[in-house]
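entry_15.csv follows (CSV, C-alpha atoms):
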```csv
chain,number,residue,atom,x,y,z
A,1,MET,CA,38.0,71.0,32.9
A,2,ASN,CA,37.3,73.6,35.6
A,3,ARG,CA,39.3,76.8,35.1
A,4,SER,CA,40.1,79.6,37.5
A,5,THR,CA,38.0,82.7,37.4
A,6,PHE,CA,38.8,85.5,34.9
A,7,GLU,CA,35.9,87.9,35.1
A,8,ILE,CA,35.3,91.6,34.6
A,9,LEU,CA,32.5,93.5,36.5
A,10,ILE,CA,31.7,96.8,35.1
A,11,LEU,CA,31.2,99.4,37.9
A,12,GLY,CA,31.0,102.4,35.6
A,13,SER,CA,30.7,102.9,31.9
A,14,SER,CA,30.1,106.7,31.4
A,15,ALA,CA,32.6,109.3,30.2
A,16,ALA,CA,33.3,112.5,32.0
A,17,SER,CA,29.8,113.1,33.3
A,18,PRO,CA,27.9,110.2,35.0
A,19,THR,CA,24.2,109.8,34.2
A,20,SER,CA,21.3,108.3,36.2
A,21,GLU,CA,22.0,104.9,34.5
A,22,ARG,CA,25.8,105.0,34.1
A,23,ASN,CA,28.5,105.8,36.7
A,24,SER,CA,32.0,107.0,35.9
A,25,SER,CA,34.8,104.7,34.9
A,26,ALA,CA,35.6,101.7,37.1
A,27,GLN,CA,36.0,98.0,36.7
A,28,LEU,CA,36.6,95.1,39.1
A,29,LEU,CA,38.7,92.2,37.7
A,30,THR,CA,38.8,88.8,39.4
A,31,ILE,CA,41.7,86.7,38.2
A,32,SER,CA,42.5,83.5,40.0
A,33,GLU,CA,41.0,84.9,43.3
A,34,ARG,CA,43.0,88.1,42.9
A,35,TYR,CA,40.8,91.2,43.1
A,36,MET,CA,42.0,94.2,41.1
A,37,LEU,CA,40.2,97.6,40.7
A,38,VAL,CA,40.8,99.4,37.4
A,39,ASP,CA,40.1,103.1,37.6
A,40,CYS,CA,37.9,104.5,40.4
A,41,GLY,CA,35.5,107.2,39.3
A,42,GLU,CA,33.2,109.0,41.6
A,43,ALA,CA,30.9,106.7,43.8
A,44,THR,CA,32.8,103.5,42.9
A,45,GLN,CA,32.5,102.3,46.5
A,46,ILE,CA,28.7,102.6,46.2
A,47,GLN,CA,28.8,100.6,43.0
A,48,LEU,CA,30.9,97.9,44.7
A,49,ARG,CA,28.2,97.6,47.4
A,50,LYS,CA,25.4,97.7,44.9
A,51,TYR,CA,26.8,94.8,43.0
A,52,LYS,CA,27.9,92.9,46.2
A,53,ALA,CA,31.5,92.9,45.3
A,54,LYS,CA,34.2,91.8,47.8
A,55,PHE,CA,35.0,95.2,49.0
A,56,GLN,CA,38.0,94.5,51.3
A,57,ALA,CA,39.4,91.7,49.0
A,58,ILE,CA,40.8,94.4,46.6
A,59,ASP,CA,44.6,94.4,47.0
A,60,HIS,CA,45.5,96.1,43.7
A,61,VAL,CA,44.2,99.4,42.3
A,62,PHE,CA,45.2,100.6,38.8
A,63,ILE,CA,44.6,104.2,37.8
A,64,SER,CA,45.0,105.1,34.2
A,65,HIS,CA,45.2,108.9,34.4
A,66,LEU,CA,44.3,111.8,36.6
A,67,HIS,CA,41.1,113.1,35.0
A,68,GLY,CA,38.5,113.1,37.7
A,69,ASP,CA,36.1,110.6,36.2
A,70,HIS,CA,38.9,108.0,36.6
A,71,PHE,CA,40.0,108.6,40.2
A,72,PHE,CA,37.7,110.9,42.2
A,73,GLY,CA,36.2,107.9,43.9
A,74,LEU,CA,39.6,106.8,45.3
A,75,PRO,CA,39.8,109.0,48.4
A,76,GLY,CA,36.4,107.9,49.6
A,77,LEU,CA,37.2,104.2,48.9
A,78,LEU,CA,40.4,104.3,50.8
A,79,GLY,CA,38.7,106.1,53.7
A,80,SER,CA,35.9,103.5,53.9
A,81,MET,CA,38.5,100.6,53.8
A,82,HIS,CA,40.1,102.3,56.8
A,83,LEU,CA,36.8,102.7,58.7
A,84,LEU,CA,35.9,99.1,58.0
A,85,GLY,CA,39.1,97.9,59.7
A,86,ARG,CA,41.3,97.1,56.8
A,87,ARG,CA,44.8,95.9,57.9
A,88,GLN,CA,46.4,94.3,54.8
A,89,ASP,CA,48.5,96.4,52.4
A,90,LEU,CA,46.9,98.0,49.4
A,91,ASN,CA,49.0,98.4,46.2
A,92,ILE,CA,48.2,101.4,43.9
A,93,TYR,CA,49.6,101.7,40.4
A,94,CYS,CA,49.2,105.2,39.0
A,95,PRO,CA,50.8,108.4,37.8
A,96,LYS,CA,53.1,109.7,40.4
A,97,GLU,CA,51.1,112.9,41.1
A,98,LEU,CA,48.3,110.9,42.6
A,99,LYS,CA,50.3,110.3,45.7
A,100,ASN,CA,50.7,114.0,46.2
A,101,ILE,CA,46.9,114.6,45.8
A,102,LEU,CA,46.0,111.9,48.4
A,103,ASP,CA,48.8,113.1,50.8
A,104,VAL,CA,47.2,116.6,50.8
A,105,ILE,CA,43.7,115.2,51.4
A,106,ASN,CA,44.8,113.0,54.2
A,107,SER,CA,46.9,115.8,55.8
A,108,ILE,CA,44.1,118.4,55.7
A,109,THR,CA,41.5,115.9,57.0
A,110,GLU,CA,44.0,114.4,59.5
A,111,THR,CA,43.4,110.9,58.2
A,112,ARG,CA,45.9,108.2,59.1
A,113,LEU,CA,45.0,105.0,57.4
A,114,ASN,CA,45.2,101.7,59.4
A,115,TYR,CA,46.9,100.0,56.5
A,116,ARG,CA,49.9,100.6,54.3
A,117,VAL,CA,49.6,101.9,50.8
A,118,ASN,CA,52.4,100.7,48.5
A,119,TRP,CA,52.8,103.1,45.6
A,120,HIS,CA,53.9,102.0,42.1
A,121,PHE,CA,54.3,104.7,39.6
A,122,THR,CA,53.5,104.2,35.9
A,123,ALA,CA,55.6,105.3,32.9
A,124,ASN,CA,54.8,105.9,29.3
A,125,ASP,CA,57.9,104.4,27.7
A,126,GLY,CA,56.5,101.2,26.3
A,127,LEU,CA,55.4,98.0,28.0
A,128,GLN,CA,56.1,98.2,31.7
A,129,LEU,CA,55.7,95.2,34.1
A,130,LEU,CA,53.8,96.5,37.2
A,131,PHE,CA,52.9,93.3,39.0
A,132,GLU,CA,53.5,89.5,38.8
A,133,ASP,CA,53.1,86.5,41.0
A,134,GLU,CA,52.9,82.8,40.2
A,135,LYS,CA,49.5,83.1,38.4
A,136,VAL,CA,49.2,86.7,36.9
A,137,GLU,CA,51.2,89.5,35.4
A,138,VAL,CA,50.1,93.0,34.7
A,139,PHE,CA,51.7,95.6,32.4
A,140,SER,CA,51.1,99.2,31.6
A,141,PHE,CA,51.5,100.8,28.2
A,142,PRO,CA,51.2,104.4,26.9
A,143,LEU,CA,47.9,105.8,25.6
A,144,ARG,CA,47.6,109.1,23.7
A,145,HIS,CA,45.3,111.4,25.6
A,146,ARG,CA,45.3,115.1,26.6
A,147,ILE,CA,47.4,114.2,29.7
A,148,PHE,CA,49.7,111.4,30.8
A,149,CYS,CA,47.6,108.2,30.5
A,150,THR,CA,48.3,104.4,30.4
A,151,GLY,CA,46.4,101.3,29.4
A,152,PHE,CA,46.8,98.0,31.3
A,153,LEU,CA,47.3,94.5,30.1
A,154,PHE,CA,46.2,91.7,32.5
A,155,ARG,CA,47.6,88.3,31.5
A,156,GLU,CA,47.5,84.8,33.0
A,157,LYS,CA,50.8,83.0,33.2
A,158,PRO,CA,50.8,79.7,31.3
A,159,SER,CA,49.6,76.7,33.4
A,160,PRO,CA,51.8,73.6,33.7
A,161,ARG,CA,51.1,70.7,31.4
A,162,LYS,CA,48.5,68.2,32.6
A,163,ILE,CA,49.4,64.6,33.2
A,164,ASP,CA,47.3,62.1,31.3
A,165,LYS,CA,46.0,60.0,34.1
A,166,TYR,CA,45.2,57.1,31.9
A,167,ILE,CA,48.9,57.0,30.7
A,168,LEU,CA,50.1,57.6,34.3
A,169,GLU,CA,48.4,54.4,35.5
A,170,LYS,CA,50.7,52.4,33.1
A,171,LEU,CA,53.9,54.1,34.0
A,172,SER,CA,56.3,53.5,36.8
A,173,ILE,CA,57.6,57.0,37.7
A,174,SER,CA,58.3,59.0,40.8
A,175,VAL,CA,56.7,62.2,42.0
A,176,ALA,CA,59.8,64.1,40.9
A,177,ASP,CA,59.4,62.7,37.4
A,178,ILE,CA,55.8,63.8,37.4
A,179,LEU,CA,56.8,67.4,38.2
A,180,ARG,CA,59.4,67.3,35.4
A,181,LEU,CA,56.7,66.1,33.0
A,182,LYS,CA,54.5,68.9,34.0
A,183,ALA,CA,57.4,71.3,33.3
A,184,GLY,CA,57.5,70.0,29.8
A,185,GLU,CA,60.5,67.7,30.1
A,186,ASP,CA,61.0,64.1,28.9
A,187,VAL,CA,61.8,61.6,31.7
A,188,GLU,CA,63.3,58.1,32.1
A,189,ASN,CA,61.6,55.8,34.6
A,190,GLU,CA,63.3,53.4,37.0
A,191,LEU,CA,63.3,50.7,34.3
A,192,GLY,CA,65.2,52.9,32.0
A,193,VAL,CA,62.2,53.5,29.7
A,194,LEU,CA,62.2,56.9,28.1
A,195,ILE,CA,58.8,58.6,28.5
A,196,ARG,CA,58.3,61.4,26.0
A,197,ASN,CA,56.5,64.4,27.4
A,198,GLU,CA,54.1,64.6,24.4
A,199,ASP,CA,53.0,61.0,25.1
A,200,ALA,CA,52.3,61.4,28.8
A,201,THR,CA,50.8,64.9,29.1
A,202,LEU,CA,48.0,67.1,27.8
A,203,ASP,CA,48.1,70.7,26.7
A,204,PRO,CA,46.9,73.1,29.4
A,205,PRO,CA,44.2,75.6,28.5
A,206,PRO,CA,45.6,78.6,26.8
A,207,ALA,CA,46.5,81.6,29.0
A,208,ARG,CA,43.9,84.4,28.9
A,209,SER,CA,44.4,88.1,28.6
A,210,TYR,CA,42.5,91.4,29.0
A,211,ALA,CA,43.6,94.7,27.6
A,212,TYR,CA,42.2,98.0,29.0
A,213,CYS,CA,42.4,101.2,27.0
A,214,SER,CA,40.8,103.9,29.0
A,215,ASP,CA,41.0,107.3,27.3
A,216,THR,CA,42.8,107.6,24.0
A,217,ILE,CA,42.7,109.1,20.6
A,218,PHE,CA,42.6,106.7,17.6
A,219,ASP,CA,46.2,105.3,17.8
A,220,PRO,CA,47.3,102.3,15.7
A,221,SER,CA,50.6,102.1,17.8
A,222,LEU,CA,48.5,100.5,20.5
A,223,VAL,CA,48.3,97.3,18.5
A,224,GLN,CA,51.8,96.1,19.5
A,225,TYR,CA,50.8,96.0,23.1
A,226,ILE,CA,47.3,94.4,22.9
A,227,LYS,CA,47.9,92.0,20.0
A,228,GLY,CA,45.8,88.8,20.3
A,229,ALA,CA,44.1,89.7,23.6
A,230,ASP,CA,41.0,87.6,24.5
A,231,LEU,CA,39.1,90.8,25.4
A,232,LEU,CA,39.9,94.4,24.6
A,233,TYR,CA,38.2,97.2,26.4
A,234,HIS,CA,38.6,100.3,24.2
A,235,GLU,CA,36.9,103.6,25.0
A,236,SER,CA,34.2,104.7,22.5
A,237,THR,CA,33.2,108.1,23.8
A,238,PHE,CA,31.5,109.2,20.5
A,239,LEU,CA,29.8,107.9,17.4
A,240,GLU,CA,31.4,108.5,14.1
A,241,ASP,CA,29.4,111.6,13.3
A,242,GLN,CA,31.4,113.2,16.1
A,243,ALA,CA,34.8,112.1,14.8
A,244,GLU,CA,36.2,115.6,14.7
A,245,ARG,CA,35.1,116.2,18.3
A,246,ALA,CA,36.7,112.9,19.3
A,247,LYS,CA,40.0,114.0,17.7
A,248,LYS,CA,39.9,117.4,19.3
A,249,THR,CA,39.3,115.9,22.8
A,250,PHE,CA,41.7,113.0,22.3
A,251,HIS,CA,38.9,110.4,22.5
A,252,SER,CA,37.8,107.7,20.1
A,253,THR,CA,34.6,106.7,18.3
A,254,ALA,CA,33.0,103.2,18.3
A,255,LYS,CA,34.2,102.7,14.7
A,256,GLN,CA,37.7,103.7,15.6
A,257,ALA,CA,37.7,101.3,18.6
A,258,ALA,CA,36.6,98.5,16.3
A,259,THR,CA,39.3,99.3,13.8
A,260,ILE,CA,41.9,98.9,16.6
A,261,ALA,CA,40.3,95.6,17.6
A,262,SER,CA,40.5,94.4,14.1
A,263,MET,CA,44.1,95.4,13.6
A,264,ALA,CA,45.1,93.8,16.9
A,265,GLU,CA,43.3,90.6,16.0
A,266,VAL,CA,41.6,90.4,19.5
A,267,LYS,CA,38.9,87.9,20.1
A,268,GLN,CA,36.3,90.3,21.5
A,269,LEU,CA,35.8,94.1,21.8
A,270,LEU,CA,34.1,95.7,24.8
A,271,LEU,CA,32.9,99.2,24.2
A,272,GLY,CA,32.5,101.9,27.0
A,273,HIS,CA,33.2,105.4,28.3
A,274,TYR,CA,30.1,106.7,26.5
A,275,SER,CA,29.4,110.4,26.4
A,276,ALA,CA,26.4,111.4,28.5
A,277,ARG,CA,24.8,112.9,25.3
A,278,TYR,CA,23.9,109.4,24.2
A,279,ARG,CA,20.9,107.4,25.4
A,280,ASP,CA,20.6,104.7,22.7
A,281,LEU,CA,23.8,102.7,23.2
A,282,ASP,CA,22.8,100.1,20.6
A,283,LEU,CA,24.1,102.6,18.0
A,284,PHE,CA,27.6,102.0,19.4
A,285,VAL,CA,27.6,98.3,18.9
A,286,GLU,CA,25.9,98.7,15.5
A,287,GLU,CA,28.7,101.0,14.4
A,288,ALA,CA,31.5,98.9,15.8
A,289,SER,CA,30.1,95.7,14.4
A,290,SER,CA,30.3,97.0,10.9
A,291,ILE,CA,34.1,96.8,11.3
A,292,PHE,CA,34.6,94.2,14.0
A,293,LYS,CA,31.8,91.7,14.3
A,294,ASN,CA,32.5,90.4,17.9
A,295,SER,CA,31.7,93.8,19.6
A,296,ILE,CA,29.7,94.1,22.8
A,297,LEU,CA,28.6,96.9,25.1
A,298,SER,CA,29.7,97.5,28.6
A,299,GLY,CA,27.1,98.6,31.1
A,300,ASP,CA,27.0,99.1,34.8
A,301,GLY,CA,26.6,95.8,36.6
A,302,LYS,CA,27.5,93.7,33.6
A,303,LYS,CA,29.8,90.8,34.1
A,304,ILE,CA,32.0,89.4,31.3
A,305,LYS,CA,33.8,86.1,31.7
A,306,ILE,CA,36.9,85.2,29.7
```

Transcribe the structure of this file into structure tokens.
Amino acid sequence: MNRSTFEILILGSSAASPTSERNSSAQLLTISERYMLVDCGEATQIQLRKYKAKFQAIDHVFISHLHGDHFFGLPGLLGSMHLLGRRQDLNIYCPKELKNILDVINSITETRLNYRVNWHFTANDGLQLLFEDEKVEVFSFPLRHRIFCTGFLFREKPSPRKIDKYILEKLSISVADILRLKAGEDVENELGVLIRNEDATLDPPPARSYAYCSDTIFDPSLVQYIKGADLLYHESTFLEDQAERAKKTFHSTAKQAATIASMAEVKQLLLGHYSARYRDLDLFVEEASSIFKNSILSGDGKKIKI
């Protein structure tokens, strides 16, 4: 059975300072032909071009917090969208102060965008619905960092039940009854025969989910928001030998990220946000795998399908 796309493209996997191999934080999610940018570190637009992403197809931008490695690329990206003739609205979900920053930049540079930016401000009081349509819903949830910061949960909505075409050939039912069956109801055909839903339909594929935890200290309270996610991205700025530094700077180690993944019973852990001091990233996955076996590394240009 063909399923809609649910894919993450890593545009940047470095922490505060980019390196020659790793850009600052940014990811592009493609979910059912919806293109969503998650964080936008410096040079994100160059990364989008480098990996041949659909630049103008992005309609939703999610910014976790206002440390530069997570949003410094946004003014340039918005400007390039303008110069390339964008007309459709762009939705930005972020801390409220980001609008003030961009308003000042646009005022000083006398920039007037050709398109409308719709602002949606995040909060840190639990799970907050930011966006939904017939296919997808996106939530924010609080992270514990040095400044206001949120994570994001991207979740498919459940698909309707599938009609068993072999059973359908034997039934005498209307189009309206087919729609009711897809909605999970039992129906009665024109001959008065009761058709039980479980006899005429197949279970749809399970809805998929992706949890994004950008910058955070080790925090077990996150588990309630990300429980059972198909894929969890959790920052792993340091290795365990720097656990005290991680605590002091409100970051996490690979081992701590794996502990959260295990507690939340997610299916897979994606590590990232590596400090520029590290060159051998295999040490991160080795450390995490000792706690949570299904751990993988993010890396610039890497695609992960759910």

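Here atom CA of Asn2 of chain A is placed at a distance of 27.2 Å from atom CA of Ile195 of chain A.
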
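With only C-alpha atoms as the atoms that count, the residue of A:Ala43, A:Ala183, A:Val117, A:Ile101 with the shortest distance to His60 of chain A is A:Val117.
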
Quick one: which segment 111-162 of chain A residues come within 9 Å of segment 245-258 of chain A, and what is the nearest atom pair for each with the distance in Å to one decimal, counting only C-alpha atoms, rows ordered by chain and ascending number, as JSON lines?
```
{"residue": "A:Arg144", "atom": "CA", "partner": "A:Phe250", "partner_atom": "CA", "distance": 7.2}
{"residue": "A:His145", "atom": "CA", "partner": "A:Phe250", "partner_atom": "CA", "distance": 5.1}
{"residue": "A:Arg146", "atom": "CA", "partner": "A:Phe250", "partner_atom": "CA", "distance": 6.0}
```

* To do: Compile the contact shell of segment 106-111 of chain A as an MDAnalysis selection string: residues with an atom at most 9 Å away, counting all atoms listed in the file, same-chain residues fewer than 3 positions apart removed.
  => chainID A and resid 75 79 101:103

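If all atoms listed in the file are the atoms counted, then among A:Tyr35, A:Phe238, A:Tyr115, A:Tyr225 the closest residue to Phe139 of chain A is A:Tyr225.
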
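Using only C-alpha atoms, the nearest neighbour of Ile304 of chain A within the list A:Glu188, A:Asp39, A:Asp177, A:Asp230 is A:Asp230.
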
Which residues, written as a short mmCIF file (atom, residue, chain, number, x, y, z; two decimals) with C-alpha atoms, in the frame of the given file, have at least one atom at most 8 Å from Leu37 of chain A, with all atoms listed in the file counted and residues fewer than 2 positions away on the same chain left out?
```
data_model
loop_
_atom_site.label_atom_id
_atom_site.label_comp_id
_atom_site.auth_asym_id
_atom_site.auth_seq_id
_atom_site.Cartn_x
_atom_site.Cartn_y
_atom_site.Cartn_z
CA ALA A 26 35.60 101.70 37.10
CA GLN A 27 36.00 98.00 36.70
CA LEU A 28 36.60 95.10 39.10
CA LEU A 29 38.70 92.20 37.70
CA TYR A 35 40.80 91.20 43.10
CA ASP A 39 40.10 103.10 37.60
CA CYS A 40 37.90 104.50 40.40
CA ILE A 58 40.80 94.40 46.60
CA HIS A 60 45.50 96.10 43.70
CA VAL A 61 44.20 99.40 42.30
CA PHE A 62 45.20 100.60 38.80
#
```

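You can rank A:Ser221, A:Ser32, A:Thr259, A:Thr5 by their closest distance to Glu137 of chain A using only C-alpha atoms, and at the top of that list sits A:Ser32.
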
* Polymer residues at most 12 Å from segment 282-295 of chain A, all atoms listed in the file, same-chain spacing of 3 or more positions, as a PyMOL selection string -> chain A and resi 230-241+252-275+278-279+298-299

* Would you please work out which residue, of A:Asn197, A:Ser64, A:Asn91, A:Asn100, is nearest to Glu185 of chain A when using all atoms listed in the file? => A:Asn197

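Omitting Thr44 of chain A and its sequence neighbours fewer than 4 positions away, and counting only C-alpha atoms, the residues within 9 Å are A:Leu11, A:Gly12, A:Asn23, A:Ser24, A:Ser25, A:Ala26, A:Gln27, A:Cys40, A:Leu48, A:Arg49, A:Phe72, A:Gly73, A:Leu74, A:Gly76, A:Leu77.
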